[in-house]
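Asker: One file is attached below, target09.pdb, containing PDB, C-alpha atoms.
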ATOM      1  CA  MET A   1       0.000   0.000   0.000
ATOM      2  CA  LYS A   2       1.233   3.466  -0.940
ATOM      3  CA  LEU A   3       0.045   6.533   0.973
ATOM      4  CA  ILE A   4      -0.307   9.804  -0.927
ATOM      5  CA  VAL A   5      -1.067  12.568   1.568
ATOM      6  CA  GLY A   6      -1.907  16.087   0.433
ATOM      7  CA  LEU A   7      -1.634  18.714   3.162
ATOM      8  CA  GLY A   8      -4.149  21.499   3.629
ATOM      9  CA  ASN A   9      -6.994  22.791   5.771
ATOM     10  CA  PRO A  10     -10.488  21.261   5.672
ATOM     11  CA  GLU A  11     -12.867  24.210   5.812
ATOM     12  CA  GLY A  12     -14.334  25.666   2.634
ATOM     13  CA  ARG A  13     -12.884  29.090   3.377
ATOM     14  CA  TYR A  14      -9.400  27.650   2.793
ATOM     15  CA  ALA A  15     -10.196  26.093  -0.588
ATOM     16  CA  GLY A  16      -7.969  27.530  -3.289
ATOM     17  CA  THR A  17      -5.453  29.046  -0.880
ATOM     18  CA  ARG A  18      -1.703  28.548  -1.247
ATOM     19  CA  HIS A  19      -1.579  26.370   1.873
ATOM     20  CA  ASN A  20      -4.041  23.945   0.256
ATOM     21  CA  ALA A  21      -1.886  23.107  -2.761
ATOM     22  CA  GLY A  22      -1.471  19.559  -1.427
ATOM     23  CA  PHE A  23      -5.247  19.104  -1.334
ATOM     24  CA  MET A  24      -5.472  20.346  -4.930
ATOM     25  CA  VAL A  25      -3.029  17.691  -6.144
ATOM     26  CA  VAL A  26      -4.840  14.894  -4.306
ATOM     27  CA  ASP A  27      -8.140  16.140  -5.766
ATOM     28  CA  ARG A  28      -6.638  15.640  -9.233
ATOM     29  CA  LEU A  29      -5.565  12.105  -8.353
ATOM     30  CA  VAL A  30      -9.019  11.300  -7.008
ATOM     31  CA  ALA A  31     -10.602  12.627 -10.213
ATOM     32  CA  ARG A  32      -8.283  10.455 -12.306
ATOM     33  CA  HIS A  33      -8.349   7.227 -10.320
ATOM     34  CA  ALA A  34     -11.369   7.222  -7.991
ATOM     35  CA  SER A  35     -13.909   9.317  -9.851
ATOM     36  CA  GLY A  36     -17.474   8.884  -8.670
ATOM     37  CA  MET A  37     -16.455   7.166  -5.454
ATOM     38  CA  PRO A  38     -17.380   8.976  -2.231
ATOM     39  CA  LEU A  39     -14.523   9.943   0.053
ATOM     40  CA  ARG A  40     -14.405   7.983   3.301
ATOM     41  CA  ALA A  41     -13.570   9.430   6.701
ATOM     42  CA  ARG A  42     -10.618   7.361   7.945
ATOM     43  CA  PHE A  43      -7.453   8.122   9.901
ATOM     44  CA  ASN A  44      -8.660  11.676  10.597
ATOM     45  CA  ALA A  45      -8.712  12.297   6.854
ATOM     46  CA  ALA A  46     -10.918  12.273   3.782
ATOM     47  CA  THR A  47      -9.653   9.223   1.905
ATOM     48  CA  ALA A  48     -10.112   7.353  -1.346
ATOM     49  CA  GLU A  49      -8.655   3.996  -2.331
ATOM     50  CA  ALA A  50      -7.231   3.775  -5.833
ATOM     51  CA  THR A  51      -5.029   1.597  -8.006
ATOM     52  CA  ILE A  52      -2.280   3.457  -9.850
ATOM     53  CA  GLY A  53       0.050   1.569 -12.161
ATOM     54  CA  GLY A  54      -1.052  -1.690 -10.594
ATOM     55  CA  GLU A  55      -0.247  -0.468  -7.075
ATOM     56  CA  LYS A  56      -2.861  -0.008  -4.381
ATOM     57  CA  CYS A  57      -2.899   3.493  -2.924
ATOM     58  CA  LEU A  58      -4.700   5.447  -0.278
ATOM     59  CA  LEU A  59      -5.230   9.075  -1.270
ATOM     60  CA  MET A  60      -5.562  11.248   1.825
ATOM     61  CA  LYS A  61      -6.518  14.793   2.790
ATOM     62  CA  PRO A  62      -6.088  15.179   6.582
ATOM     63  CA  THR A  63      -8.990  16.905   8.304
ATOM     64  CA  THR A  64      -6.982  17.817  11.400
ATOM     65  CA  TYR A  65      -5.868  21.290  10.296
ATOM     66  CA  MET A  66      -2.334  21.858   9.150
ATOM     67  CA  ASN A  67      -0.509  21.869  12.476
ATOM     68  CA  ARG A  68      -1.895  18.427  13.391
ATOM     69  CA  SER A  69      -1.245  16.661  10.096
ATOM     70  CA  GLY A  70       0.996  14.109  11.796
ATOM     71  CA  ILE A  71      -1.986  12.578  13.596
ATOM     72  CA  SER A  72      -3.512  11.474  10.302
ATOM     73  CA  VAL A  73      -0.265  10.391   8.647
ATOM     74  CA  ALA A  74       0.927   8.309  11.585
ATOM     75  CA  GLU A  75      -2.440   6.589  12.044
ATOM     76  CA  ALA A  76      -2.499   5.458   8.417
ATOM     77  CA  ALA A  77       1.182   4.523   8.358
ATOM     78  CA  ASN A  78       0.799   2.443  11.519
ATOM     79  CA  PHE A  79      -2.350   0.734  10.255
ATOM     80  CA  TYR A  80      -0.793  -0.333   6.951
ATOM     81  CA  LYS A  81       2.675  -0.883   8.479
ATOM     82  CA  VAL A  82       4.287   0.995   5.619
ATOM     83  CA  ASP A  83       7.954   1.819   5.285
ATOM     84  CA  PHE A  84       7.515   5.580   5.119
ATOM     85  CA  ARG A  85      10.904   6.013   3.435
ATOM     86  CA  LYS A  86       9.492   4.504   0.231
ATOM     87  CA  ASP A  87       5.722   4.028   0.627
ATOM     88  CA  LEU A  88       4.662   7.514   1.792
ATOM     89  CA  LEU A  89       4.543  10.667  -0.308
ATOM     90  CA  VAL A  90       3.542  13.942   1.355
ATOM     91  CA  VAL A  91       2.383  16.653  -1.065
ATOM     92  CA  VAL A  92       3.007  20.057   0.462
ATOM     93  CA  ASP A  93       2.956  23.737  -0.450
ATOM     94  CA  GLU A  94       6.437  25.264  -0.655
ATOM     95  CA  LEU A  95       6.846  28.977  -0.030
ATOM     96  CA  TYR A  96      10.480  28.937  -1.151
ATOM     97  CA  LEU A  97       9.642  27.687  -4.637
ATOM     98  CA  PRO A  98       7.888  30.061  -7.051
ATOM     99  CA  THR A  99       4.386  29.225  -8.189
ATOM    100  CA  GLY A 100       4.609  26.954 -11.219
ATOM    101  CA  LYS A 101       7.557  24.869  -9.965
ATOM    102  CA  ILE A 102       7.539  21.463  -8.263
ATOM    103  CA  ARG A 103      10.263  19.406  -6.622
ATOM    104  CA  ILE A 104      10.468  15.889  -5.181
ATOM    105  CA  ASN A 105      12.825  15.195  -2.282
ATOM    106  CA  PRO A 106      13.523  11.920  -0.464
ATOM    107  CA  LYS A 107      13.774  13.643   2.928
ATOM    108  CA  GLY A 108      14.502  17.051   4.418
ATOM    109  CA  GLY A 109      13.738  19.647   7.019
ATOM    110  CA  THR A 110      10.526  21.524   7.659
ATOM    111  CA  ALA A 111      11.548  25.139   6.856
ATOM    112  CA  GLY A 112       9.071  26.178   9.541
ATOM    113  CA  HIS A 113       6.115  24.442   7.859
ATOM    114  CA  ASN A 114       3.805  23.364  10.678
ATOM    115  CA  GLY A 115       2.354  20.435   8.748
ATOM    116  CA  LEU A 116       5.785  18.948   8.048
ATOM    117  CA  SER A 117       6.884  19.659  11.622
ATOM    118  CA  ASP A 118       3.981  17.660  13.012
ATOM    119  CA  ILE A 119       4.546  14.786  10.590
ATOM    120  CA  GLN A 120       8.215  14.656  11.607
ATOM    121  CA  ARG A 121       7.155  14.601  15.264
ATOM    122  CA  ALA A 122       4.646  11.812  14.696
ATOM    123  CA  LEU A 123       6.913   9.636  12.544
ATOM    124  CA  GLY A 124      10.016  10.290  14.613
ATOM    125  CA  SER A 125      11.949  10.984  11.410
ATOM    126  CA  ASP A 126      12.266  13.384   8.490
ATOM    127  CA  GLU A 127      13.210  10.529   6.139
ATOM    128  CA  TYR A 128      10.019  10.402   4.113
ATOM    129  CA  PRO A 129       9.543  11.626   0.523
ATOM    130  CA  ARG A 130       7.774  14.892  -0.090
ATOM    131  CA  LEU A 131       6.500  16.508  -3.258
ATOM    132  CA  ARG A 132       6.848  20.263  -2.917
ATOM    133  CA  VAL A 133       4.478  22.464  -4.899
ATOM    134  CA  GLY A 134       5.705  26.021  -5.305
ATOM    135  CA  VAL A 135       3.397  28.735  -4.000
ATOM    136  CA  GLY A 136       5.909  31.590  -3.680
ATOM    137  CA  LEU A 137       6.470  34.745  -5.648
ATOM    138  CA  GLN A 138       8.167  34.869  -9.035
ATOM    139  CA  PRO A 139      10.958  34.336  -9.860
ATOM    140  CA  ASP A 140      12.643  32.829  -6.789
ATOM    141  CA  GLY A 141       9.887  32.087  -4.289
ATOM    142  CA  GLY A 142       9.181  33.735  -0.964
ATOM    143  CA  LYS A 143       6.554  36.274   0.057
ATOM    144  CA  PRO A 144       6.166  40.045  -0.058
ATOM    145  CA  ALA A 145       8.548  41.572   2.482
ATOM    146  CA  GLN A 146       5.789  43.521   4.218
ATOM    147  CA  MET A 147       3.367  40.571   4.507
ATOM    148  CA  ASN A 148       3.030  38.103   7.365
ATOM    149  CA  GLN A 149       3.871  34.554   6.239
ATOM    150  CA  ALA A 150       0.669  33.032   7.625
ATOM    151  CA  ASP A 151      -1.435  35.672   5.880
ATOM    152  CA  PHE A 152       0.373  34.983   2.615
ATOM    153  CA  VAL A 153      -0.033  31.198   2.578
ATOM    154  CA  LEU A 154      -3.670  31.440   3.696
ATOM    155  CA  ALA A 155      -4.435  33.781   0.790
ATOM    156  CA  SER A 156      -5.562  32.750  -2.681
ATOM    157  CA  PHE A 157      -3.346  32.772  -5.736
ATOM    158  CA  THR A 158      -3.484  35.865  -7.891
ATOM    159  CA  ARG A 159      -5.103  35.985 -11.315
ATOM    160  CA  GLU A 160      -1.644  36.332 -12.856
ATOM    161  CA  GLU A 161      -0.468  33.136 -11.144
ATOM    162  CA  GLU A 162      -3.350  30.948 -12.330
ATOM    163  CA  PRO A 163      -1.767  30.123 -15.733
ATOM    164  CA  LEU A 164       1.318  28.892 -13.845
ATOM    165  CA  LEU A 165      -0.543  27.068 -11.088
ATOM    166  CA  THR A 166      -2.835  24.814 -13.117
ATOM    167  CA  PRO A 167      -0.139  23.037 -15.170
ATOM    168  CA  ALA A 168       2.052  22.748 -12.058
ATOM    169  CA  LEU A 169      -0.729  20.955 -10.188
ATOM    170  CA  ASP A 170      -1.220  18.625 -13.150
ATOM    171  CA  ARG A 171       2.535  17.949 -13.249
ATOM    172  CA  ALA A 172       2.541  17.274  -9.519
ATOM    173  CA  ALA A 173      -0.247  14.710  -9.942
ATOM    174  CA  ASN A 174       1.780  13.094 -12.729
ATOM    175  CA  ALA A 175       4.816  13.010 -10.430
ATOM    176  CA  ALA A 176       2.803  11.317  -7.681
ATOM    177  CA  GLU A 177       1.655   8.697 -10.183
ATOM    178  CA  SER A 178       5.272   8.121 -11.213
ATOM    179  CA  PHE A 179       6.294   7.744  -7.559
ATOM    180  CA  VAL A 180       3.675   5.042  -7.090
ATOM    181  CA  SER A 181       4.209   3.123 -10.308
ATOM    182  CA  ARG A 182       7.972   3.514 -10.898
ATOM    183  CA  GLY A 183       9.482   4.561  -7.596
ATOM    184  CA  LEU A 184      11.021   7.612  -5.981
ATOM    185  CA  ASP A 185      14.270   7.714  -7.972
ATOM    186  CA  HIS A 186      12.471   7.609 -11.323
ATOM    187  CA  ALA A 187      10.019  10.314 -10.251
ATOM    188  CA  MET A 188      12.850  12.566  -9.052
ATOM    189  CA  ASN A 189      14.862  12.094 -12.245
ATOM    190  CA  ALA A 190      11.868  12.678 -14.494
ATOM    191  CA  PHE A 191      10.141  15.571 -12.775
ATOM    192  CA  ASN A 192      12.957  17.453 -11.072
ATOM    193  CA  ALA A 193      14.774  17.604 -14.402
ATOM    194  CA  SER A 194      11.756  18.451 -16.549
ATOM    195  CA  ASP A 195      10.547  21.171 -14.197
ATOM    196  CA  GLY A 196      13.550  23.359 -14.945
ATOM    197  CA  GLY A 197      14.746  26.201 -12.776
ATOM    198  CA  SER A 198      15.808  26.472  -9.180
ATOM    199  CA  SER A 199      15.195  23.770  -6.618
ATOM    200  CA  GLY A 200      14.326  26.432  -4.070
ATOM    201  CA  SER A 201      16.315  28.138  -1.383
ATOM    202  CA  LYS A 202      18.479  26.260   1.078
ATOM    203  CA  LYS A 203      15.958  27.150   3.767
ATOM    204  CA  SER A 204      13.391  24.869   2.159
ATOM    205  CA  GLN A 205      15.671  21.835   2.291
ATOM    206  CA  THR A 206      17.684  22.129   5.488
ATOM    207  CA  GLY A 207      17.120  20.588   8.863
ATOM    208  CA  ASN A 208      18.450  17.887  11.145
ATOM    209  CA  THR A 209      18.000  14.350   9.889
ATOM    210  CA  SER A 210      16.897  11.770  12.378
ATOM    211  CA  GLY A 211      17.270   8.059  11.904
ATOM    212  CA  PRO A 212      14.748   5.842  10.092
ATOM    213  CA  GLY A 213      11.971   4.184  12.014
ATOM    214  CA  ARG A 214       8.333   3.327  12.265
ATOM    215  CA  PRO A 215       5.760   5.969  13.214
ATOM    216  CA  LEU A 216       6.101   6.650  16.921
ATOM    217  CA  ASP A 217       3.250   8.837  18.041
ATOM    218  CA  SER A 218       0.062   9.857  16.296
ATOM    219  CA  ARG A 219      -0.959  12.283  19.032
ATOM    220  CA  GLY A 220       1.173  14.556  21.171
ATOM    221  CA  ASP A 221       0.324  17.938  22.626
ATOM    222  CA  ARG A 222       0.153  20.296  19.653
ATOM    223  CA  GLY A 223      -1.992  22.970  21.226
ATOM    224  CA  PRO A 224      -5.094  24.346  19.503
ATOM    225  CA  GLU A 225      -5.755  23.556  15.858
ATOM    226  CA  GLN A 226      -4.075  26.026  13.531
ATOM    227  CA  ALA A 227      -4.517  26.526   9.808
ATOM    228  CA  ALA A 228      -1.008  27.859   9.111
TER     229      ALA A 228
END
Please lay out the structure from this file as structure tokens.
Answerer:
Amino acid sequence: MKLIVGLGNPEGRYAGTRHNAGFMVVDRLVARHASGMPLRARFNAATAEATIGGEKCLLMKPTTYMNRSGISVAEAANFYKVDFRKDLLVVVDELYLPTGKIRINPKGGTAGHNGLSDIQRALGSDEYPRLRVGVGLQPDGGKPAQMNQADFVLASFTREEEPLLTPALDRAANAAESFVSRGLDHAMNAFNASDGGSSGSKKSQTGNTSGPGRPLDSRGDRGPEQAA
């Protein structure tokens, strides 16, 4: 079983925001591979089972709010006893990539992203693949200097960004399919190369690397639910 987890926030008011780019990619995968099937509430997520390239997958959109995403990921990973170094792909918005770019990484830090921070806490490791979908400004990523980061990622894309966003989301869905059917290395070689341009700032890829292991804790005291 492969787990494809798109990060985002569940309320309608967050639909279409930068922070929900992961949800948008999973929505595309559901439309392609589980169309017409109702989403099921499992593992604190809206889920759909699908077969991609002959591999069984669970497509997931956590309903825990962003800062508690690890609850959902760890519950599913524990249930299916997956090796999260090769069987889990987290699809996440990346502020330090410009809108229109995507990148796949086998592991990495959180760059202050609360969803990734909670997943790392719950799994006890940062050694899980992630598909980063750029949501930052052109040409190098980031946000307006005068704008709060939370306000920026919880805002919608601009009209000028839409022509860049749509094909990037489609490419990200293609990359997730490649990860499932042909493996992480093939997906990285195919989509990191074809995307062209910068792989993002060092801030988006740095962080301490902990050792591999099974998911440790699906709960933990994370405080109140937060969207950013």
Asker: So what do you get for atom CA of A:Pro106 versus atom CA of A:Pro163, distance-wise?
Answerer: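 Computing it gives 28.3 Å between the two atoms.
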Asker: When the PyMOL selection byres ((chain A and resi 149) around 12) is applied to the file above, which residues end up in the set, as an MDAnalysis selection string?
Answerer: chainID A and resid 18:19 94:96 112:113 135:136 142:148 150:155 228
Asker: Please measure the separation of atom CA of A:Thr17 and atom CA of A:Asp93, giving the value in Å to one decimal.
Answerer: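 Atom CA of A:Thr17 sits 10.0 Å away from atom CA of A:Asp93.
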Asker: What does the PyMOL selection byres ((chain A and resi 91) around 9) select in this file, as a list in words?
Answerer: Ile4, Val5, Gly6, Leu7, Ala21, Gly22, Phe23, Val25, Val26, Leu89, Val90, Val92, Asp93, Pro129, Arg130, Leu131, Arg132, Val133, Ala172 and Ala176 of chain A
Asker: Expand the PyMOL selection byres ((chain A and resi 101) around 7) into the individual residues it matches in the shown file, reporting them as a list in words.
Answerer: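 Written out, the selection comes to Leu97, Pro98, Thr99, Gly100, Ile102, Arg103, Val133, Gly134, Ala168 and Asp195 of chain A.
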Asker: Would you mind exporting C-alpha atoms of the selected residues as a PDB file, in the coordinates of the input?
Answerer:
ATOM      1  CA  LEU A  97       9.642  27.687  -4.637  1.00  0.00           C
ATOM      2  CA  PRO A  98       7.888  30.061  -7.051  1.00  0.00           C
ATOM      3  CA  THR A  99       4.386  29.225  -8.189  1.00  0.00           C
ATOM      4  CA  GLY A 100       4.609  26.954 -11.219  1.00  0.00           C
ATOM      5  CA  ILE A 102       7.539  21.463  -8.263  1.00  0.00           C
ATOM      6  CA  ARG A 103      10.263  19.406  -6.622  1.00  0.00           C
ATOM      7  CA  VAL A 133       4.478  22.464  -4.899  1.00  0.00           C
ATOM      8  CA  GLY A 134       5.705  26.021  -5.305  1.00  0.00           C
ATOM      9  CA  ALA A 168       2.052  22.748 -12.058  1.00  0.00           C
ATOM     10  CA  ASP A 195      10.547  21.171 -14.197  1.00  0.00           C
TER      11      ASP A 195
END
Asker: I'd like the interatomic distance between atom CA of A:Arg42 and atom CA of A:Met60, to a tenth of an Å.
Answerer: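 According to the coordinates, atom CA of A:Arg42 and atom CA of A:Met60 are separated by 8.8 Å.
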Asker: Could you work out an axis-aligned bounding box for all listed atoms of stretch 103-116 of chain A, with 3 Å added on each of the six sides, and give its centre and edge lengths in Å to one decimal, as AutoDock Vina command-line options?
Answerer:
--center_x 8.4 --center_y 19.0 --center_z 2.0 --size_x 18.1 --size_y 20.3 --size_z 23.3
Asker: Show me, as a list of chain:residue names, the residues that have an atom within 8 Å of A:Phe43 when counting all atoms listed in the file, minus same-chain residues fewer than 4 positions from it.
Answerer: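 Here the qualifying residues turn out to be A:Pro62, A:Ile71, A:Ser72, A:Val73, A:Glu75, A:Ala76.
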Asker: Could you list, as a list in words, every residue within 6 Å of stretch 48-54 of chain A, counting all atoms listed in the file and ignoring same-chain residues fewer than 2 positions away?
Answerer: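 Those residues are His33, Ala34, Leu39, Lys56, Cys57, Leu58, Leu59 and Ser181 of chain A.
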Asker: Keeping C-alpha atoms for every residue in the selection just given, could you write it to a file as a PDB file, in the coordinates of the input?
Answerer:
ATOM      1  CA  HIS A  33      -8.349   7.227 -10.320  1.00  0.00           C
ATOM      2  CA  ALA A  34     -11.369   7.222  -7.991  1.00  0.00           C
ATOM      3  CA  LEU A  39     -14.523   9.943   0.053  1.00  0.00           C
ATOM      4  CA  LYS A  56      -2.861  -0.008  -4.381  1.00  0.00           C
ATOM      5  CA  CYS A  57      -2.899   3.493  -2.924  1.00  0.00           C
ATOM      6  CA  LEU A  58      -4.700   5.447  -0.278  1.00  0.00           C
ATOM      7  CA  LEU A  59      -5.230   9.075  -1.270  1.00  0.00           C
ATOM      8  CA  SER A 181       4.209   3.123 -10.308  1.00  0.00           C
TER       9      SER A 181
END
Asker: Write out as a list of chain:residue names each polymer residue whose atoms come within 8 Å of A:Val82, counting only C-alpha atoms; drop sequence neighbours fewer than 4 positions from it.
Answerer: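 Non-adjacent residues within range: A:Met1, A:Lys2, A:Ala77, A:Asn78, A:Asp87, A:Leu88.
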Asker: Between A:Asp140, A:Asp83, A:Glu160, A:Ala111, which has the minimum distance to A:Glu127 (counting all atoms listed in the file)?
Answerer: A:Asp83
Asker: Extract stretch 60-89 of chain A from the coordinates I pasted, and write it as a PDB file, in the first residue's frame (atoms kept: N, CA and C atoms).
Answerer:
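As written to disk, out_7.pdb reads:
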ATOM      1  N   MET A  60      -5.135  10.696   0.548  1.00  0.00           N
ATOM      2  CA  MET A  60      -5.562  11.248   1.825  1.00  0.00           C
ATOM      3  C   MET A  60      -5.492  12.761   1.848  1.00  0.00           C
ATOM      4  N   LYS A  61      -6.520  13.370   2.460  1.00  0.00           N
ATOM      5  CA  LYS A  61      -6.518  14.793   2.790  1.00  0.00           C
ATOM      6  C   LYS A  61      -6.849  14.907   4.283  1.00  0.00           C
ATOM      7  N   PRO A  62      -5.831  15.102   5.142  1.00  0.00           N
ATOM      8  CA  PRO A  62      -6.088  15.179   6.582  1.00  0.00           C
ATOM      9  C   PRO A  62      -7.108  16.269   6.918  1.00  0.00           C
ATOM     10  N   THR A  63      -7.955  15.959   7.873  1.00  0.00           N
ATOM     11  CA  THR A  63      -8.990  16.905   8.304  1.00  0.00           C
ATOM     12  C   THR A  63      -8.673  17.463   9.686  1.00  0.00           C
ATOM     13  N   THR A  64      -7.419  17.442  10.054  1.00  0.00           N
ATOM     14  CA  THR A  64      -6.982  17.817  11.400  1.00  0.00           C
ATOM     15  C   THR A  64      -6.503  19.253  11.506  1.00  0.00           C
ATOM     16  N   TYR A  65      -6.538  19.993  10.430  1.00  0.00           N
ATOM     17  CA  TYR A  65      -5.868  21.290  10.296  1.00  0.00           C
ATOM     18  C   TYR A  65      -4.360  21.053  10.183  1.00  0.00           C
ATOM     19  N   MET A  66      -3.712  22.041   9.586  1.00  0.00           N
ATOM     20  CA  MET A  66      -2.334  21.858   9.150  1.00  0.00           C
ATOM     21  C   MET A  66      -1.392  21.452  10.272  1.00  0.00           C
ATOM     22  N   ASN A  67      -1.507  22.099  11.437  1.00  0.00           N
ATOM     23  CA  ASN A  67      -0.509  21.869  12.476  1.00  0.00           C
ATOM     24  C   ASN A  67      -0.693  20.543  13.200  1.00  0.00           C
ATOM     25  N   ARG A  68      -1.707  19.754  12.811  1.00  0.00           N
ATOM     26  CA  ARG A  68      -1.895  18.427  13.391  1.00  0.00           C
ATOM     27  C   ARG A  68      -1.879  17.342  12.314  1.00  0.00           C
ATOM     28  N   SER A  69      -1.263  17.609  11.210  1.00  0.00           N
ATOM     29  CA  SER A  69      -1.245  16.661  10.096  1.00  0.00           C
ATOM     30  C   SER A  69      -0.613  15.322  10.470  1.00  0.00           C
ATOM     31  N   GLY A  70       0.327  15.341  11.405  1.00  0.00           N
ATOM     32  CA  GLY A  70       0.996  14.109  11.796  1.00  0.00           C
ATOM     33  C   GLY A  70       0.062  13.078  12.395  1.00  0.00           C
ATOM     34  N   ILE A  71      -1.015  13.515  13.030  1.00  0.00           N
ATOM     35  CA  ILE A  71      -1.986  12.578  13.596  1.00  0.00           C
ATOM     36  C   ILE A  71      -2.506  11.652  12.505  1.00  0.00           C
ATOM     37  N   SER A  72      -2.941  12.232  11.410  1.00  0.00           N
ATOM     38  CA  SER A  72      -3.512  11.474  10.302  1.00  0.00           C
ATOM     39  C   SER A  72      -2.470  10.580   9.644  1.00  0.00           C
ATOM     40  N   VAL A  73      -1.308  11.145   9.349  1.00  0.00           N
ATOM     41  CA  VAL A  73      -0.265  10.391   8.647  1.00  0.00           C
ATOM     42  C   VAL A  73       0.184   9.193   9.472  1.00  0.00           C
ATOM     43  N   ALA A  74       0.439   9.397  10.746  1.00  0.00           N
ATOM     44  CA  ALA A  74       0.927   8.309  11.585  1.00  0.00           C
ATOM     45  C   ALA A  74      -0.125   7.220  11.768  1.00  0.00           C
ATOM     46  N   GLU A  75      -1.391   7.602  11.896  1.00  0.00           N
ATOM     47  CA  GLU A  75      -2.440   6.589  12.044  1.00  0.00           C
ATOM     48  C   GLU A  75      -2.493   5.683  10.821  1.00  0.00           C
ATOM     49  N   ALA A  76      -2.453   6.256   9.633  1.00  0.00           N
ATOM     50  CA  ALA A  76      -2.499   5.458   8.417  1.00  0.00           C
ATOM     51  C   ALA A  76      -1.236   4.627   8.240  1.00  0.00           C
ATOM     52  N   ALA A  77      -0.084   5.240   8.504  1.00  0.00           N
ATOM     53  CA  ALA A  77       1.182   4.523   8.358  1.00  0.00           C
ATOM     54  C   ALA A  77       1.272   3.347   9.329  1.00  0.00           C
ATOM     55  N   ASN A  78       0.801   3.534  10.547  1.00  0.00           N
ATOM     56  CA  ASN A  78       0.799   2.443  11.519  1.00  0.00           C
ATOM     57  C   ASN A  78      -0.167   1.339  11.115  1.00  0.00           C
ATOM     58  N   PHE A  79      -1.341   1.723  10.626  1.00  0.00           N
ATOM     59  CA  PHE A  79      -2.350   0.734  10.255  1.00  0.00           C
ATOM     60  C   PHE A  79      -1.843  -0.160   9.132  1.00  0.00           C
ATOM     61  N   TYR A  80      -1.245   0.443   8.109  1.00  0.00           N
ATOM     62  CA  TYR A  80      -0.793  -0.333   6.951  1.00  0.00           C
ATOM     63  C   TYR A  80       0.639  -0.834   7.114  1.00  0.00           C
ATOM     64  N   LYS A  81       1.302  -0.451   8.209  1.00  0.00           N
ATOM     65  CA  LYS A  81       2.675  -0.883   8.479  1.00  0.00           C
ATOM     66  C   LYS A  81       3.595  -0.583   7.291  1.00  0.00           C
ATOM     67  N   VAL A  82       3.490   0.619   6.775  1.00  0.00           N
ATOM     68  CA  VAL A  82       4.287   0.995   5.619  1.00  0.00           C
ATOM     69  C   VAL A  82       5.701   1.409   6.039  1.00  0.00           C
ATOM     70  N   ASP A  83       6.621   1.247   5.138  1.00  0.00           N
ATOM     71  CA  ASP A  83       7.954   1.819   5.285  1.00  0.00           C
ATOM     72  C   ASP A  83       7.862   3.226   4.721  1.00  0.00           C
ATOM     73  N   PHE A  84       7.808   4.227   5.597  1.00  0.00           N
ATOM     74  CA  PHE A  84       7.515   5.580   5.119  1.00  0.00           C
ATOM     75  C   PHE A  84       8.652   6.180   4.308  1.00  0.00           C
ATOM     76  N   ARG A  85       9.810   5.527   4.271  1.00  0.00           N
ATOM     77  CA  ARG A  85      10.904   6.013   3.435  1.00  0.00           C
ATOM     78  C   ARG A  85      10.663   5.733   1.950  1.00  0.00           C
ATOM     79  N   LYS A  86       9.755   4.807   1.638  1.00  0.00           N
ATOM     80  CA  LYS A  86       9.492   4.504   0.231  1.00  0.00           C
ATOM     81  C   LYS A  86       8.016   4.379  -0.117  1.00  0.00           C
ATOM     82  N   ASP A  87       7.142   4.265   0.887  1.00  0.00           N
ATOM     83  CA  ASP A  87       5.722   4.028   0.627  1.00  0.00           C
ATOM     84  C   ASP A  87       4.829   5.221   0.947  1.00  0.00           C
ATOM     85  N   LEU A  88       5.417   6.310   1.435  1.00  0.00           N
ATOM     86  CA  LEU A  88       4.662   7.514   1.792  1.00  0.00           C
ATOM     87  C   LEU A  88       5.152   8.684   0.958  1.00  0.00           C
ATOM     88  N   LEU A  89       4.214   9.422   0.382  1.00  0.00           N
ATOM     89  CA  LEU A  89       4.543  10.667  -0.308  1.00  0.00           C
ATOM     90  C   LEU A  89       3.660  11.768   0.258  1.00  0.00           C
TER      91      LEU A  89
END
